[in-house]
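Below is the file work.cif, which contains mmCIF, N, CA, C and O atoms.
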```cif
data_data
loop_
_atom_site.label_atom_id
_atom_site.label_comp_id
_atom_site.auth_asym_id
_atom_site.auth_seq_id
_atom_site.Cartn_x
_atom_site.Cartn_y
_atom_site.Cartn_z
N ARG I 1 -98.31 81.73 -11.06
CA ARG I 1 -98.03 81.22 -9.73
C ARG I 1 -97.89 79.71 -9.77
O ARG I 1 -96.81 79.20 -9.73
N GLY I 2 -99.00 79.04 -9.80
CA GLY I 2 -98.96 77.58 -9.81
C GLY I 2 -98.90 77.02 -11.21
O GLY I 2 -98.88 75.83 -11.40
N GLY I 3 -98.89 77.90 -12.21
CA GLY I 3 -98.79 77.46 -13.57
C GLY I 3 -100.13 77.24 -14.26
O GLY I 3 -100.17 76.91 -15.42
N TYR I 4 -101.22 77.42 -13.54
CA TYR I 4 -102.53 77.26 -14.15
C TYR I 4 -103.56 78.09 -13.39
O TYR I 4 -103.36 78.45 -12.25
N SER I 5 -104.65 78.37 -14.08
CA SER I 5 -105.73 79.07 -13.39
C SER I 5 -107.03 78.36 -13.75
O SER I 5 -107.12 77.66 -14.75
N ARG I 6 -108.02 78.54 -12.90
CA ARG I 6 -109.32 77.93 -13.16
C ARG I 6 -110.41 78.90 -12.74
O ARG I 6 -110.19 79.75 -11.89
N LEU I 7 -111.55 78.75 -13.33
CA LEU I 7 -112.69 79.58 -13.01
C LEU I 7 -113.57 78.82 -12.03
O LEU I 7 -113.92 77.66 -12.27
N ILE I 8 -113.90 79.48 -10.93
CA ILE I 8 -114.67 78.84 -9.87
C ILE I 8 -116.02 79.53 -9.74
O ILE I 8 -116.10 80.76 -9.68
N ASP I 9 -117.08 78.71 -9.68
CA ASP I 9 -118.43 79.19 -9.40
C ASP I 9 -118.56 79.24 -7.88
O ASP I 9 -118.47 78.21 -7.21
N VAL I 10 -118.75 80.42 -7.31
CA VAL I 10 -118.83 80.60 -5.86
C VAL I 10 -120.29 80.79 -5.48
O VAL I 10 -120.98 81.66 -6.02
N SER I 11 -120.76 79.96 -4.53
CA SER I 11 -122.14 80.02 -4.06
C SER I 11 -122.18 80.08 -2.54
O SER I 11 -121.22 79.69 -1.87
N CYS I 12 -123.30 80.54 -2.00
CA CYS I 12 -123.50 80.62 -0.56
C CYS I 12 -123.72 79.21 -0.01
O CYS I 12 -124.55 78.45 -0.53
N ALA I 13 -123.00 78.84 1.04
CA ALA I 13 -123.14 77.51 1.63
C ALA I 13 -124.47 77.37 2.37
O ALA I 13 -124.97 76.26 2.54
N LYS I 14 -125.04 78.46 2.82
CA LYS I 14 -126.27 78.40 3.60
C LYS I 14 -127.50 78.19 2.72
O LYS I 14 -128.33 77.33 3.01
N CYS I 15 -127.61 78.95 1.62
CA CYS I 15 -128.83 78.87 0.79
C CYS I 15 -128.58 78.41 -0.64
O CYS I 15 -129.52 78.15 -1.38
N GLY I 16 -127.31 78.34 -1.06
CA GLY I 16 -126.99 77.86 -2.40
C GLY I 16 -127.04 78.91 -3.50
O GLY I 16 -126.85 78.59 -4.67
N THR I 17 -127.29 80.16 -3.16
CA THR I 17 -127.37 81.23 -4.16
C THR I 17 -126.01 81.47 -4.81
O THR I 17 -125.00 81.58 -4.13
N HIS I 18 -126.02 81.58 -6.15
CA HIS I 18 -124.79 81.91 -6.89
C HIS I 18 -124.36 83.33 -6.51
O HIS I 18 -125.16 84.26 -6.55
N LEU I 19 -123.10 83.49 -6.14
CA LEU I 19 -122.58 84.81 -5.74
C LEU I 19 -121.76 85.46 -6.84
O LEU I 19 -121.91 86.64 -7.13
N CYS I 20 -120.85 84.69 -7.44
CA CYS I 20 -119.98 85.24 -8.48
C CYS I 20 -119.15 84.12 -9.08
O CYS I 20 -119.20 82.98 -8.65
N TYR I 21 -118.38 84.48 -10.09
CA TYR I 21 -117.34 83.61 -10.61
C TYR I 21 -116.02 84.23 -10.18
O TYR I 21 -115.87 85.45 -10.11
N TYR I 22 -115.04 83.37 -9.91
CA TYR I 22 -113.74 83.85 -9.43
C TYR I 22 -112.63 83.10 -10.15
O TYR I 22 -112.68 81.88 -10.29
N GLN I 23 -111.62 83.85 -10.61
CA GLN I 23 -110.45 83.24 -11.24
C GLN I 23 -109.43 82.89 -10.17
O GLN I 23 -108.84 83.77 -9.55
N LYS I 24 -109.24 81.60 -9.94
CA LYS I 24 -108.29 81.14 -8.93
C LYS I 24 -107.02 80.70 -9.62
O LYS I 24 -107.04 79.88 -10.53
N ASP I 25 -105.91 81.28 -9.21
CA ASP I 25 -104.61 80.90 -9.73
C ASP I 25 -103.85 80.12 -8.67
O ASP I 25 -103.94 80.43 -7.49
N GLY I 26 -103.12 79.14 -9.10
CA GLY I 26 -102.27 78.40 -8.19
C GLY I 26 -103.01 77.37 -7.36
O GLY I 26 -104.23 77.30 -7.35
N PRO I 27 -102.23 76.58 -6.64
CA PRO I 27 -102.80 75.52 -5.81
C PRO I 27 -103.29 76.06 -4.47
O PRO I 27 -103.07 77.22 -4.13
N GLY I 28 -103.93 75.21 -3.72
CA GLY I 28 -104.33 75.57 -2.36
C GLY I 28 -105.79 75.91 -2.24
O GLY I 28 -106.53 75.98 -3.22
N ILE I 29 -106.20 76.13 -0.99
CA ILE I 29 -107.59 76.44 -0.70
C ILE I 29 -107.89 77.91 -1.02
O ILE I 29 -106.97 78.71 -1.20
N LEU I 30 -109.16 78.23 -1.05
CA LEU I 30 -109.59 79.60 -1.31
C LEU I 30 -109.78 80.31 0.03
O LEU I 30 -110.78 80.11 0.71
N LYS I 31 -108.77 81.10 0.44
CA LYS I 31 -108.82 81.83 1.71
C LYS I 31 -109.27 83.26 1.53
O LYS I 31 -109.86 83.85 2.42
N ARG I 32 -108.94 83.82 0.37
CA ARG I 32 -109.30 85.20 0.09
C ARG I 32 -109.62 85.32 -1.40
O ARG I 32 -109.14 84.52 -2.20
N MET I 33 -110.44 86.29 -1.72
CA MET I 33 -110.78 86.54 -3.12
C MET I 33 -110.36 87.95 -3.46
O MET I 33 -110.88 88.91 -2.89
N TYR I 34 -109.40 88.08 -4.38
CA TYR I 34 -108.94 89.39 -4.83
C TYR I 34 -110.04 90.03 -5.65
O TYR I 34 -110.66 89.39 -6.50
N LEU I 35 -110.29 91.30 -5.43
CA LEU I 35 -111.40 91.99 -6.08
C LEU I 35 -111.24 92.06 -7.60
O LEU I 35 -112.23 92.06 -8.32
N ASP I 36 -110.00 92.10 -8.08
CA ASP I 36 -109.80 92.19 -9.53
C ASP I 36 -109.98 90.85 -10.24
O ASP I 36 -109.83 90.77 -11.45
N ARG I 37 -110.33 89.79 -9.52
CA ARG I 37 -110.55 88.48 -10.12
C ARG I 37 -111.99 88.00 -9.96
O ARG I 37 -112.30 86.86 -10.24
N ILE I 38 -112.86 88.88 -9.47
CA ILE I 38 -114.28 88.55 -9.31
C ILE I 38 -115.02 88.96 -10.59
O ILE I 38 -114.86 90.08 -11.06
N TYR I 39 -115.82 88.03 -11.12
CA TYR I 39 -116.54 88.27 -12.37
C TYR I 39 -118.03 87.98 -12.19
O TYR I 39 -118.42 87.22 -11.33
N SER I 40 -118.82 88.58 -13.05
CA SER I 40 -120.24 88.30 -13.16
C SER I 40 -120.99 88.49 -11.85
O SER I 40 -121.80 87.67 -11.45
N SER I 41 -120.71 89.58 -11.17
CA SER I 41 -121.43 89.93 -9.94
C SER I 41 -121.80 91.40 -10.01
O SER I 41 -120.93 92.26 -10.15
N LYS I 42 -123.08 91.70 -9.88
CA LYS I 42 -123.52 93.10 -9.91
C LYS I 42 -123.01 93.88 -8.71
O LYS I 42 -122.73 95.07 -8.81
N LEU I 43 -122.87 93.22 -7.57
CA LEU I 43 -122.46 93.91 -6.35
C LEU I 43 -120.95 94.00 -6.17
O LEU I 43 -120.45 94.96 -5.59
N TYR I 44 -120.20 92.98 -6.62
CA TYR I 44 -118.80 92.89 -6.25
C TYR I 44 -117.80 92.97 -7.39
O TYR I 44 -116.61 93.03 -7.16
N SER I 45 -118.25 92.99 -8.64
CA SER I 45 -117.34 93.17 -9.77
C SER I 45 -116.97 94.65 -9.91
O SER I 45 -117.81 95.52 -9.70
N GLY I 46 -115.73 94.93 -10.24
CA GLY I 46 -115.30 96.30 -10.50
C GLY I 46 -114.99 97.13 -9.28
O GLY I 46 -114.85 98.35 -9.38
N LEU I 47 -114.86 96.52 -8.12
CA LEU I 47 -114.58 97.28 -6.89
C LEU I 47 -113.09 97.50 -6.65
O LEU I 47 -112.71 98.24 -5.74
N GLU I 48 -112.24 96.90 -7.47
CA GLU I 48 -110.80 96.95 -7.21
C GLU I 48 -110.20 98.34 -7.25
O GLU I 48 -109.13 98.58 -6.70
N HIS I 49 -110.89 99.31 -7.87
CA HIS I 49 -110.38 100.67 -7.95
C HIS I 49 -111.01 101.61 -6.93
O HIS I 49 -110.67 102.79 -6.88
N ASP I 50 -111.96 101.10 -6.15
CA ASP I 50 -112.62 101.91 -5.13
C ASP I 50 -111.72 102.11 -3.92
O ASP I 50 -110.76 101.37 -3.71
N ASN I 51 -112.05 103.10 -3.13
CA ASN I 51 -111.37 103.33 -1.86
C ASN I 51 -111.73 102.19 -0.91
O ASN I 51 -112.88 101.74 -0.88
N PHE I 52 -110.77 101.74 -0.11
CA PHE I 52 -110.99 100.63 0.81
C PHE I 52 -112.20 100.88 1.72
O PHE I 52 -112.97 99.97 2.01
N LYS I 53 -112.39 102.12 2.15
CA LYS I 53 -113.50 102.44 3.05
C LYS I 53 -114.86 102.28 2.38
O LYS I 53 -115.87 102.16 3.06
N ASN I 54 -114.90 102.28 1.05
CA ASN I 54 -116.16 102.14 0.32
C ASN I 54 -116.49 100.70 -0.07
O ASN I 54 -117.55 100.45 -0.63
N ILE I 55 -115.60 99.76 0.23
CA ILE I 55 -115.83 98.36 -0.12
C ILE I 55 -116.82 97.77 0.88
O ILE I 55 -116.59 97.80 2.08
N PRO I 56 -117.94 97.20 0.39
CA PRO I 56 -118.92 96.63 1.32
C PRO I 56 -118.47 95.27 1.84
O PRO I 56 -117.53 94.67 1.32
N GLN I 57 -119.14 94.78 2.86
CA GLN I 57 -118.91 93.41 3.34
C GLN I 57 -119.40 92.47 2.24
O GLN I 57 -120.27 92.81 1.44
N PHE I 58 -118.84 91.26 2.19
CA PHE I 58 -119.27 90.26 1.22
C PHE I 58 -120.41 89.48 1.85
O PHE I 58 -120.20 88.67 2.74
N VAL I 59 -121.64 89.77 1.40
CA VAL I 59 -122.85 89.22 2.00
C VAL I 59 -123.69 88.55 0.91
O VAL I 59 -123.79 89.07 -0.20
N CYS I 60 -124.31 87.42 1.25
CA CYS I 60 -125.22 86.77 0.32
C CYS I 60 -126.45 87.65 0.16
O CYS I 60 -127.08 88.02 1.15
N PRO I 61 -126.81 88.01 -1.08
CA PRO I 61 -127.97 88.89 -1.28
C PRO I 61 -129.29 88.20 -0.96
O PRO I 61 -130.29 88.87 -0.70
N SER I 62 -129.30 86.89 -0.92
CA SER I 62 -130.53 86.15 -0.68
C SER I 62 -130.83 85.93 0.80
O SER I 62 -131.87 86.32 1.30
N CYS I 63 -129.88 85.33 1.53
CA CYS I 63 -130.12 84.99 2.94
C CYS I 63 -129.40 85.92 3.92
O CYS I 63 -129.52 85.75 5.13
N LYS I 64 -128.62 86.86 3.40
CA LYS I 64 -127.88 87.85 4.20
C LYS I 64 -126.76 87.25 5.07
O LYS I 64 -126.28 87.88 6.00
N GLN I 65 -126.32 86.03 4.74
CA GLN I 65 -125.19 85.39 5.43
C GLN I 65 -123.92 86.20 5.14
O GLN I 65 -123.64 86.53 3.99
N LEU I 66 -123.14 86.50 6.17
CA LEU I 66 -121.86 87.20 5.99
C LEU I 66 -120.84 86.19 5.47
O LEU I 66 -120.53 85.21 6.14
N ILE I 67 -120.33 86.44 4.28
CA ILE I 67 -119.41 85.53 3.60
C ILE I 67 -117.95 85.91 3.87
O ILE I 67 -117.11 85.05 4.09
N GLY I 68 -117.65 87.20 3.85
CA GLY I 68 -116.28 87.64 4.04
C GLY I 68 -116.19 89.12 4.34
O GLY I 68 -117.17 89.86 4.23
N ALA I 69 -115.01 89.54 4.73
CA ALA I 69 -114.76 90.93 5.09
C ALA I 69 -113.71 91.52 4.15
O ALA I 69 -112.77 90.84 3.73
N ALA I 70 -113.87 92.79 3.83
CA ALA I 70 -112.91 93.47 2.97
C ALA I 70 -111.58 93.62 3.71
O ALA I 70 -111.55 93.83 4.92
N MET I 71 -110.51 93.49 2.96
CA MET I 71 -109.17 93.62 3.53
C MET I 71 -108.21 94.12 2.46
O MET I 71 -108.49 94.02 1.27
N ASN I 72 -107.12 94.69 2.90
CA ASN I 72 -106.02 95.02 2.00
C ASN I 72 -104.94 93.99 2.27
O ASN I 72 -104.35 93.96 3.35
N TYR I 73 -104.68 93.12 1.30
CA TYR I 73 -103.65 92.10 1.44
C TYR I 73 -102.30 92.79 1.29
O TYR I 73 -101.84 93.09 0.19
N VAL I 74 -101.67 93.07 2.40
CA VAL I 74 -100.47 93.91 2.46
C VAL I 74 -99.33 93.34 1.63
O VAL I 74 -98.61 94.09 0.97
N LYS I 75 -99.17 92.04 1.65
CA LYS I 75 -98.07 91.39 0.95
C LYS I 75 -98.04 91.77 -0.54
O LYS I 75 -96.97 91.90 -1.13
N GLU I 76 -99.20 91.94 -1.14
CA GLU I 76 -99.28 92.31 -2.56
C GLU I 76 -99.94 93.67 -2.77
O GLU I 76 -100.12 94.08 -3.91
N ASP I 77 -100.33 94.34 -1.71
CA ASP I 77 -101.03 95.62 -1.76
C ASP I 77 -102.23 95.54 -2.71
O ASP I 77 -102.38 96.33 -3.63
N ARG I 78 -103.09 94.54 -2.45
CA ARG I 78 -104.29 94.31 -3.26
C ARG I 78 -105.50 94.21 -2.36
O ARG I 78 -105.44 93.63 -1.27
N LEU I 79 -106.61 94.75 -2.86
CA LEU I 79 -107.87 94.63 -2.13
C LEU I 79 -108.45 93.24 -2.34
O LEU I 79 -108.39 92.68 -3.44
N ALA I 80 -109.01 92.69 -1.26
CA ALA I 80 -109.54 91.33 -1.31
C ALA I 80 -110.65 91.18 -0.28
O ALA I 80 -110.83 92.04 0.59
N PHE I 81 -111.38 90.08 -0.40
CA PHE I 81 -112.30 89.66 0.65
C PHE I 81 -111.68 88.49 1.37
O PHE I 81 -111.29 87.50 0.74
N ARG I 82 -111.55 88.59 2.70
CA ARG I 82 -111.10 87.47 3.51
C ARG I 82 -112.34 86.63 3.77
O ARG I 82 -113.33 87.11 4.34
N LEU I 83 -112.32 85.38 3.33
CA LEU I 83 -113.50 84.52 3.43
C LEU I 83 -113.56 83.84 4.80
O LEU I 83 -112.55 83.42 5.34
N PHE I 84 -114.77 83.75 5.32
CA PHE I 84 -114.98 83.04 6.57
C PHE I 84 -115.15 81.55 6.27
O PHE I 84 -115.80 81.18 5.28
N VAL I 85 -114.59 80.71 7.11
CA VAL I 85 -114.59 79.26 6.90
C VAL I 85 -116.02 78.73 6.85
O VAL I 85 -116.85 79.07 7.69
N GLY I 86 -116.29 77.91 5.85
CA GLY I 86 -117.57 77.23 5.73
C GLY I 86 -118.72 78.06 5.18
O GLY I 86 -119.87 77.63 5.23
N THR I 87 -118.44 79.24 4.63
CA THR I 87 -119.52 80.10 4.15
C THR I 87 -119.78 79.99 2.65
O THR I 87 -120.79 80.49 2.18
N ILE I 88 -118.87 79.35 1.92
CA ILE I 88 -119.06 79.25 0.47
C ILE I 88 -118.99 77.80 0.00
O ILE I 88 -118.39 76.94 0.65
N LEU I 89 -119.64 77.57 -1.13
CA LEU I 89 -119.49 76.34 -1.90
C LEU I 89 -118.80 76.75 -3.19
O LEU I 89 -119.09 77.81 -3.74
N LYS I 90 -117.89 75.92 -3.67
CA LYS I 90 -117.18 76.27 -4.89
C LYS I 90 -117.16 75.08 -5.83
O LYS I 90 -117.12 73.93 -5.40
N LYS I 91 -117.20 75.40 -7.12
CA LYS I 91 -117.21 74.38 -8.15
C LYS I 91 -116.42 74.91 -9.33
O LYS I 91 -116.65 76.04 -9.78
N ILE I 92 -115.49 74.12 -9.83
CA ILE I 92 -114.71 74.53 -11.01
C ILE I 92 -115.61 74.42 -12.23
O ILE I 92 -116.32 73.42 -12.41
N VAL I 93 -115.62 75.48 -13.04
CA VAL I 93 -116.47 75.50 -14.24
C VAL I 93 -115.61 75.77 -15.47
O VAL I 93 -114.52 76.32 -15.39
N ASP I 94 -116.14 75.38 -16.62
CA ASP I 94 -115.48 75.62 -17.89
C ASP I 94 -115.77 77.05 -18.32
O ASP I 94 -116.93 77.44 -18.46
N SER I 95 -114.75 77.84 -18.54
CA SER I 95 -114.93 79.26 -18.84
C SER I 95 -115.62 79.50 -20.18
O SER I 95 -116.17 80.57 -20.40
N SER I 96 -115.65 78.52 -21.06
CA SER I 96 -116.31 78.70 -22.35
C SER I 96 -117.83 78.77 -22.22
O SER I 96 -118.51 79.25 -23.12
N HIS I 97 -118.37 78.28 -21.11
CA HIS I 97 -119.82 78.29 -20.88
C HIS I 97 -120.28 79.49 -20.05
O HIS I 97 -121.47 79.64 -19.79
N VAL I 98 -119.35 80.34 -19.63
CA VAL I 98 -119.68 81.45 -18.76
C VAL I 98 -119.54 82.76 -19.50
O VAL I 98 -118.53 83.00 -20.16
N LYS I 99 -120.56 83.62 -19.40
CA LYS I 99 -120.47 84.96 -19.99
C LYS I 99 -119.83 85.88 -18.98
O LYS I 99 -120.39 86.11 -17.91
N LEU I 100 -118.63 86.39 -19.30
CA LEU I 100 -117.92 87.26 -18.35
C LEU I 100 -118.10 88.70 -18.66
O LEU I 100 -118.33 89.28 -19.53
#
```
Output the file's structure in the form of structure tokens.
Amino acid sequence: RGGYSRLIDVSCAKCGTHLCYYQKDGPGILKRMYLDRIYSSKLYSGLEHDNFKNIPQFVCPSCKQLIGAAMNYVKEDRLAFRLFVGTILKKIVDSSHVKL
């Protein structure tokens, strides 16, 4: 897309708990997280093949803050979480230091 991808450490903005790592491709803000690009999360990794009705809400396991809602991104027919504004903190990390 944008010619490059980066690995982002996604954390809860309310309590700072690490939620997952996410592979972001292309430029722009993080509005949605495709399920097939979520890594290192016991709750949210590997959900891309589940039925849409079985996808849980994206919630911080520590403070129970609602981070995002499951959606089917029609344009690409892909399952994703639509993120609510101001609910996450993100930091670009070097993928060589992360166990995926």
Who sits within 7 Å of Val93 in chain I, only C-alpha atoms, same chain under 3 positions skipped, as a list in words: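 The neighbour list is Leu7, Ile8 and Asp9 of chain I.
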Those residues with N, CA, C and O atoms, as a short mmCIF file (atom, residue, chain, number, x, y, z; two decimals), in the frame of the given file please?
```
data_model
loop_
_atom_site.label_atom_id
_atom_site.label_comp_id
_atom_site.auth_asym_id
_atom_site.auth_seq_id
_atom_site.Cartn_x
_atom_site.Cartn_y
_atom_site.Cartn_z
N LEU I 7 -111.55 78.75 -13.33
CA LEU I 7 -112.69 79.58 -13.01
C LEU I 7 -113.57 78.82 -12.03
O LEU I 7 -113.92 77.66 -12.27
N ILE I 8 -113.90 79.48 -10.93
CA ILE I 8 -114.67 78.84 -9.87
C ILE I 8 -116.02 79.53 -9.74
O ILE I 8 -116.10 80.76 -9.68
N ASP I 9 -117.08 78.71 -9.68
CA ASP I 9 -118.43 79.19 -9.40
C ASP I 9 -118.56 79.24 -7.88
O ASP I 9 -118.47 78.21 -7.21
#
```
Distance in Å - CA of Pro56 in chain I versus CA of Cys12 in chain I: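 So the answer is 16.8 Å.
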Picked residues, the PyMOL selection byres (((chain I and resi 22 and name CA) around 9) and name CA), expected as a VMD selection string: chain I and resid 6 to 10 20 to 21 23 to 24 33 to 34 37 to 40
Please return, as a short mmCIF file (atom, residue, chain, number, x, y, z; two decimals) with N, CA, C and O atoms, keeping the file's coordinate frame, all residues of chain I that DSSP assigns to helix (DSSP H, G or I) on the basis of the backbone.
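Saved the output as states_30.cif:
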```cif
data_model
loop_
_atom_site.label_atom_id
_atom_site.label_comp_id
_atom_site.auth_asym_id
_atom_site.auth_seq_id
_atom_site.Cartn_x
_atom_site.Cartn_y
_atom_site.Cartn_z
N LEU I 35 -110.29 91.30 -5.43
CA LEU I 35 -111.40 91.99 -6.08
C LEU I 35 -111.24 92.06 -7.60
O LEU I 35 -112.23 92.06 -8.32
N ASP I 36 -110.00 92.10 -8.08
CA ASP I 36 -109.80 92.19 -9.53
C ASP I 36 -109.98 90.85 -10.24
O ASP I 36 -109.83 90.77 -11.45
N ARG I 37 -110.33 89.79 -9.52
CA ARG I 37 -110.55 88.48 -10.12
C ARG I 37 -111.99 88.00 -9.96
O ARG I 37 -112.30 86.86 -10.24
N LEU I 47 -114.86 96.52 -8.12
CA LEU I 47 -114.58 97.28 -6.89
C LEU I 47 -113.09 97.50 -6.65
O LEU I 47 -112.71 98.24 -5.74
N GLU I 48 -112.24 96.90 -7.47
CA GLU I 48 -110.80 96.95 -7.21
C GLU I 48 -110.20 98.34 -7.25
O GLU I 48 -109.13 98.58 -6.70
N HIS I 49 -110.89 99.31 -7.87
CA HIS I 49 -110.38 100.67 -7.95
C HIS I 49 -111.01 101.61 -6.93
O HIS I 49 -110.67 102.79 -6.88
N PHE I 52 -110.77 101.74 -0.11
CA PHE I 52 -110.99 100.63 0.81
C PHE I 52 -112.20 100.88 1.72
O PHE I 52 -112.97 99.97 2.01
N LYS I 53 -112.39 102.12 2.15
CA LYS I 53 -113.50 102.44 3.05
C LYS I 53 -114.86 102.28 2.38
O LYS I 53 -115.87 102.16 3.06
N ASN I 54 -114.90 102.28 1.05
CA ASN I 54 -116.16 102.14 0.32
C ASN I 54 -116.49 100.70 -0.07
O ASN I 54 -117.55 100.45 -0.63
N SER I 95 -114.75 77.84 -18.54
CA SER I 95 -114.93 79.26 -18.84
C SER I 95 -115.62 79.50 -20.18
O SER I 95 -116.17 80.57 -20.40
N SER I 96 -115.65 78.52 -21.06
CA SER I 96 -116.31 78.70 -22.35
C SER I 96 -117.83 78.77 -22.22
O SER I 96 -118.51 79.25 -23.12
N HIS I 97 -118.37 78.28 -21.11
CA HIS I 97 -119.82 78.29 -20.88
C HIS I 97 -120.28 79.49 -20.05
O HIS I 97 -121.47 79.64 -19.79
#
```
Minimum-distance residue to Ser41 in chain I, chosen among I:Lys75, I:Leu19, I:Asn54, I:Lys90 (using all atoms listed in the file): I:Leu19
Residues matched by the PyMOL selection byres ((chain I and resi 85) around 8), written as JSON, numbers by chain: {"I": [30, 31, 66, 67, 68, 82, 83, 84, 86, 87, 88]}
Separation of CA of Lys91 in chain I from CA of Ser11 in chain I, in Å and rounded to one decimal: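 Distance between the two atoms: 8.5 Å.
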Within 7 Å of file point (-115.8, 91.8, -2.1), counting only C-alpha atoms, expressed as a list in words: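 Neighbouring residues, ordered by chain and number, come to Leu35, Tyr44, Ile55, Pro56, Gln57, Phe58, Ala70, Ala80 and Phe81 of chain I.
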Would you mind exporting the chosen residues as an mmCIF file, keeping the file's coordinate frame, restricted to N, CA, C and O atoms?
```cif
data_model
loop_
_atom_site.group_PDB
_atom_site.id
_atom_site.type_symbol
_atom_site.label_atom_id
_atom_site.label_comp_id
_atom_site.auth_asym_id
_atom_site.auth_seq_id
_atom_site.Cartn_x
_atom_site.Cartn_y
_atom_site.Cartn_z
ATOM 1 N N LEU I 35 -110.290 91.300 -5.430
ATOM 2 C CA LEU I 35 -111.400 91.990 -6.080
ATOM 3 C C LEU I 35 -111.240 92.060 -7.600
ATOM 4 O O LEU I 35 -112.230 92.060 -8.320
ATOM 5 N N TYR I 44 -120.200 92.980 -6.620
ATOM 6 C CA TYR I 44 -118.800 92.890 -6.250
ATOM 7 C C TYR I 44 -117.800 92.970 -7.390
ATOM 8 O O TYR I 44 -116.610 93.030 -7.160
ATOM 9 N N ILE I 55 -115.600 99.760 0.230
ATOM 10 C CA ILE I 55 -115.830 98.360 -0.120
ATOM 11 C C ILE I 55 -116.820 97.770 0.880
ATOM 12 O O ILE I 55 -116.590 97.800 2.080
ATOM 13 N N PRO I 56 -117.940 97.200 0.390
ATOM 14 C CA PRO I 56 -118.920 96.630 1.320
ATOM 15 C C PRO I 56 -118.470 95.270 1.840
ATOM 16 O O PRO I 56 -117.530 94.670 1.320
ATOM 17 N N GLN I 57 -119.140 94.780 2.860
ATOM 18 C CA GLN I 57 -118.910 93.410 3.340
ATOM 19 C C GLN I 57 -119.400 92.470 2.240
ATOM 20 O O GLN I 57 -120.270 92.810 1.440
ATOM 21 N N PHE I 58 -118.840 91.260 2.190
ATOM 22 C CA PHE I 58 -119.270 90.260 1.220
ATOM 23 C C PHE I 58 -120.410 89.480 1.850
ATOM 24 O O PHE I 58 -120.200 88.670 2.740
ATOM 25 N N ALA I 70 -113.870 92.790 3.830
ATOM 26 C CA ALA I 70 -112.910 93.470 2.970
ATOM 27 C C ALA I 70 -111.580 93.620 3.710
ATOM 28 O O ALA I 70 -111.550 93.830 4.920
ATOM 29 N N ALA I 80 -109.010 92.690 -1.260
ATOM 30 C CA ALA I 80 -109.540 91.330 -1.310
ATOM 31 C C ALA I 80 -110.650 91.180 -0.280
ATOM 32 O O ALA I 80 -110.830 92.040 0.590
ATOM 33 N N PHE I 81 -111.380 90.080 -0.400
ATOM 34 C CA PHE I 81 -112.300 89.660 0.650
ATOM 35 C C PHE I 81 -111.680 88.490 1.370
ATOM 36 O O PHE I 81 -111.290 87.500 0.740
#
```
Since fewer atoms than expected are present, regenerate all heavy atoms for range 57-61 of chain I and write them as a PDB file, in the frame of the given file.
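Okay, selection-v1.pdb is ready:
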```pdb
ATOM      1  N   GLN I  57    -119.140  94.780   2.860  1.00  0.00           N
ATOM      2  CA  GLN I  57    -118.910  93.410   3.340  1.00  0.00           C
ATOM      3  C   GLN I  57    -119.400  92.470   2.240  1.00  0.00           C
ATOM      4  O   GLN I  57    -120.270  92.810   1.440  1.00  0.00           O
ATOM      5  CB  GLN I  57    -119.712  93.148   4.617  1.00  0.00           C
ATOM      6  CG  GLN I  57    -119.314  94.006   5.789  1.00  0.00           C
ATOM      7  CD  GLN I  57    -118.030  93.525   6.453  1.00  0.00           C
ATOM      8  OE1 GLN I  57    -117.537  92.430   6.207  1.00  0.00           O
ATOM      9  NE2 GLN I  57    -117.481  94.360   7.294  1.00  0.00           N
ATOM     10  N   PHE I  58    -118.840  91.260   2.190  1.00  0.00           N
ATOM     11  CA  PHE I  58    -119.270  90.260   1.220  1.00  0.00           C
ATOM     12  C   PHE I  58    -120.410  89.480   1.850  1.00  0.00           C
ATOM     13  O   PHE I  58    -120.200  88.670   2.740  1.00  0.00           O
ATOM     14  CB  PHE I  58    -118.083  89.357   0.877  1.00  0.00           C
ATOM     15  CG  PHE I  58    -118.291  88.462  -0.314  1.00  0.00           C
ATOM     16  CD1 PHE I  58    -119.238  88.728  -1.275  1.00  0.00           C
ATOM     17  CD2 PHE I  58    -117.490  87.351  -0.474  1.00  0.00           C
ATOM     18  CE1 PHE I  58    -119.400  87.900  -2.380  1.00  0.00           C
ATOM     19  CE2 PHE I  58    -117.634  86.514  -1.566  1.00  0.00           C
ATOM     20  CZ  PHE I  58    -118.593  86.793  -2.518  1.00  0.00           C
ATOM     21  N   VAL I  59    -121.640  89.770   1.400  1.00  0.00           N
ATOM     22  CA  VAL I  59    -122.850  89.220   2.000  1.00  0.00           C
ATOM     23  C   VAL I  59    -123.690  88.550   0.910  1.00  0.00           C
ATOM     24  O   VAL I  59    -123.790  89.070  -0.200  1.00  0.00           O
ATOM     25  CB  VAL I  59    -123.668  90.355   2.670  1.00  0.00           C
ATOM     26  CG1 VAL I  59    -124.977  89.849   3.238  1.00  0.00           C
ATOM     27  CG2 VAL I  59    -122.851  91.032   3.755  1.00  0.00           C
ATOM     28  N   CYS I  60    -124.310  87.420   1.250  1.00  0.00           N
ATOM     29  CA  CYS I  60    -125.220  86.770   0.320  1.00  0.00           C
ATOM     30  C   CYS I  60    -126.450  87.650   0.160  1.00  0.00           C
ATOM     31  O   CYS I  60    -127.080  88.020   1.150  1.00  0.00           O
ATOM     32  CB  CYS I  60    -125.627  85.395   0.845  1.00  0.00           C
ATOM     33  SG  CYS I  60    -126.878  84.589  -0.180  1.00  0.00           S
ATOM     34  N   PRO I  61    -126.810  88.010  -1.080  1.00  0.00           N
ATOM     35  CA  PRO I  61    -127.970  88.890  -1.280  1.00  0.00           C
ATOM     36  C   PRO I  61    -129.290  88.200  -0.960  1.00  0.00           C
ATOM     37  O   PRO I  61    -130.290  88.870  -0.700  1.00  0.00           O
ATOM     38  CB  PRO I  61    -127.894  89.252  -2.761  1.00  0.00           C
ATOM     39  CG  PRO I  61    -127.089  88.166  -3.382  1.00  0.00           C
ATOM     40  CD  PRO I  61    -126.147  87.679  -2.330  1.00  0.00           C
TER      41      PRO I  61
END
```
